[in-house]
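Novice: One structure, pasted below without further comment.
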Amino acid sequence: MNRANLSFWLNQITGTLTFMIGVVACYFGALQQMPWLGMAVVLLIILIDLLQDKKRIRNKIKLVVVVALAAAVMETLLIVSSVYSVTPSSRLLGLQSVLPVWILALWVNFSVRIISYLVFTRGKHFVNALLGIVFAVLIFRSAERFGLVALTYGVYSLAITAVAWGVFVPFIYMYANRLFPDPRKK
């Protein structure tokens with residue numbers, strides 16, 4: 001394995017481990033009635049990521065902001081339409097129809113990793129949709145088991161959320177692809 005390949009794979013592994021630290025912080029904070037903890041850890045992860053590649057800071061910030069805003073709208077619509085509800089103790093300020101900060105932090109955390117995952121998923125819309133579906137199921141099943149969310153209509157709520165994510169995630173990747181074009185195609 002040459003030095004460039006080793007560097008690439010070390011970056012992928014450390015990035016994924018950092019991503020997982022963000023996910024654990026989001027769940028742990030919500031479970032411990034400190035919903036802000038996940039976002040605090042994720043903001044630190046973003047800061048570290050931004051400092052690693054200063055030439056791309058503007059586009060990285062654009063991606064994080066767009067993903068955060070779009071995800072906030074999508075998740076809030078799912079909550080307001082009663083597809084799922086969130087445990088009051090995991091909400092910031094206890095507002096019923098407002099997206100919990102720990103769920104928003106999960107999306108922001110994901111937005112940081114999108115750029116490195118483009119290597120594997122660029123232009124593969126079906127794969128991106130499948131990733132959205134699979135991760136929706138994994139995240140909402142685990143959140144339900146932890147008592148952080150209630151799937152109002154059981155498996156139907158899970159299916160609706162999975163479809164929403166299955167549609168949403170490919171659009172995120174398409175936007176990221178526009179911000180970060182394939183360097184091999186220059």
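Ligands are numbered from 1 in the order shown, chains are lettered A, B, ... in the order of the structure tokens, and residues start at 1 in each chain.
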Stretch 36-39 of chain A: which residues within 9 Å, counting only C-alpha atoms, same-chain residues fewer than 5 positions away excluded, as an MDAnalysis selection string?
Specialist: chainID A and resid 22:30 44 92 101:106 108:109
Novice: If DSSP is run on the backbone, what residues of stretch 2-184 of chain A are alpha helix (DSSP H)? A reply as a ChimeraX atom specification would be ideal.
Specialist: /A:3-31,36-52,57-80,101-121,125-145,155-179
Novice: Report the distance between atom CA of A:Ala4 and atom CA of A:Ile21 in Å, rounded to one decimal place.
Specialist: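 Between atom CA of A:Ala4 and atom CA of A:Ile21 the gap works out to 25.6 Å.
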Novice: Quick one: residues within 12 Å of stretch 128-140 of chain A, only C-alpha atoms, excluding same-chain residues fewer than 2 positions away - as a PyMOL selection string?
Specialist: chain A and resi 23-24+26-27+75+83-86+103+106-107+110+114+117-118+120-126+142-152+154-174
